[in-house]
file run_1.pdb (PDB, C-alpha atoms)
ATOM      1  CA  MET A   1     -10.931  23.255 -59.465
ATOM      2  CA  ASP A   2     -14.097  23.351 -57.425
ATOM      3  CA  LEU A   3     -16.514  20.546 -58.309
ATOM      4  CA  SER A   4     -19.458  22.244 -56.593
ATOM      5  CA  ALA A   5     -19.261  25.071 -59.126
ATOM      6  CA  ILE A   6     -19.523  22.629 -62.032
ATOM      7  CA  PHE A   7     -21.823  19.872 -60.716
ATOM      8  CA  SER A   8     -24.857  19.908 -58.464
ATOM      9  CA  ASP A   9     -24.894  17.999 -55.175
ATOM     10  CA  ASP A  10     -26.859  15.135 -56.695
ATOM     11  CA  GLN A  11     -24.439  14.805 -59.593
ATOM     12  CA  ILE A  12     -21.456  14.751 -57.231
ATOM     13  CA  ALA A  13     -23.173  11.998 -55.206
ATOM     14  CA  VAL A  14     -23.772   9.894 -58.331
ATOM     15  CA  ILE A  15     -20.174  10.354 -59.471
ATOM     16  CA  GLY A  16     -18.997   9.362 -55.982
ATOM     17  CA  CYS A  17     -21.075   6.179 -56.140
ATOM     18  CA  PHE A  18     -19.582   5.241 -59.510
ATOM     19  CA  VAL A  19     -16.069   5.889 -58.190
ATOM     20  CA  ALA A  20     -16.798   3.712 -55.142
ATOM     21  CA  LEU A  21     -18.153   0.881 -57.320
ATOM     22  CA  ALA A  22     -15.134   1.072 -59.622
ATOM     23  CA  SER A  23     -12.699   0.985 -56.710
ATOM     24  CA  CYS A  24     -14.508  -2.011 -55.163
ATOM     25  CA  ALA A  25     -14.355  -3.845 -58.485
ATOM     26  CA  LEU A  26     -10.636  -3.074 -58.760
ATOM     27  CA  VAL A  27      -9.955  -4.381 -55.252
ATOM     28  CA  ALA A  28     -11.998  -7.533 -55.966
ATOM     29  CA  ALA A  29     -10.140  -8.169 -59.232
ATOM     30  CA  VAL A  30      -6.739  -7.709 -57.605
ATOM     31  CA  SER A  31      -7.616  -9.946 -54.645
ATOM     32  CA  PHE A  32      -8.910 -12.627 -57.012
ATOM     33  CA  GLN A  33      -5.692 -12.567 -59.024
ATOM     34  CA  LEU A  34      -3.491 -12.728 -55.918
ATOM     35  CA  GLY A  35      -5.607 -15.214 -53.980
ATOM     36  CA  PRO A  36      -5.838 -19.008 -54.272
ATOM     37  CA  ALA A  37      -8.746 -18.869 -56.731
ATOM     38  CA  GLY A  38      -6.658 -16.993 -59.271
ATOM     39  CA  LYS A  39      -3.754 -19.426 -59.181
ATOM     40  CA  SER A  40      -4.104 -22.144 -61.783
ATOM     41  CA  SER A  41      -3.213 -25.633 -60.667
ATOM     42  CA  GLY A  42      -3.492 -28.679 -62.886
ATOM     43  CA  GLN A  43      -4.016 -30.984 -59.926
ATOM     44  CA  GLY A  44      -7.162 -29.192 -58.698
ATOM     45  CA  SER A  45      -8.934 -29.403 -62.037
ATOM     46  CA  GLU A  46      -8.419 -33.163 -62.261
ATOM     47  CA  ASN A  47     -10.101 -33.646 -58.897
ATOM     48  CA  LEU A  48     -13.246 -31.878 -60.099
ATOM     49  CA  ARG A  49     -13.688 -33.942 -63.256
ATOM     50  CA  ILE A  50     -16.815 -36.094 -63.290
ATOM     51  CA  ASP A  51     -16.895 -39.355 -65.179
ATOM     52  CA  ALA A  52     -20.200 -39.015 -66.984
ATOM     53  CA  MET A  53     -19.544 -41.768 -69.507
ATOM     54  CA  ARG A  54     -19.867 -44.769 -67.227
ATOM     55  CA  GLU A  55     -20.708 -48.099 -68.740
ATOM     56  CA  LYS A  56     -24.209 -49.179 -67.907
ATOM     57  CA  ASN A  57     -24.357 -52.909 -68.158
ATOM     58  CA  SER A  58     -26.805 -55.393 -66.737
ATOM     59  CA  GLU A  59     -24.392 -56.644 -64.067
ATOM     60  CA  SER A  60     -24.081 -53.267 -62.387
ATOM     61  CA  HIS A  61     -27.876 -52.860 -62.341
ATOM     62  CA  GLN A  62     -28.297 -56.304 -60.779
ATOM     63  CA  LYS A  63     -25.747 -55.539 -58.075
ATOM     64  CA  LYS A  64     -27.497 -52.314 -57.184
ATOM     65  CA  ALA A  65     -30.881 -54.011 -57.020
ATOM     66  CA  ALA A  66     -29.672 -56.813 -54.745
TER      67      ALA A  66
END
call {"tool": "encode", "arguments": {"input": "run_1.pdb", "output": "structure tokens"}}
result
Amino acid sequence: MDLSAIFSDDQIAVIGCFVALASCALVAAVSFQLGPAGKSSGQGSENLRIDAMREKNSESHQKKAA
């Protein structure tokens, strides 16, 4: 099947761009799943937790001011 008989040159170029974008997205998704970012580890998520509920008492403010 000859694509030039069905599509014009511009249409073939646009289809080629979409195929290239789809293949790049597929490679990125596969590399993410196989790489260290895709592996779930319970220890890494605990290190990123931020303690936002700290007690704010008058003693801690006085120590910081001194």
call {"tool": "atom_distance", "arguments": {"input": "run_1.pdb", "atom1": "CA of Ala25 (chain A)", "atom2": "CA of Phe7 (chain A)"}}
result
25.0 Å
call {"tool": "axis_aligned_box", "arguments": {"input": "run_1.pdb", "around": "region 12-21 of chain A", "padding_each_side": "6 Å", "output": "lines of an AutoDock Vina configuration file"}}
result
center_x = -19.9
center_y = 7.8
center_z = -57.3
size_x = 19.7
size_y = 25.9
size_z = 16.4
call {"tool": "atom_distance", "arguments": {"input": "run_1.pdb", "atom1": "CA of Val14 (chain A)", "atom2": "CA of Asp2 (chain A)"}}
result
16.6 Å
call {"tool": "atom_distance", "arguments": {"input": "run_1.pdb", "atom1": "CA of Lys39 (chain A)", "atom2": "CA of Ala20 (chain A)"}}
result
26.9 Å
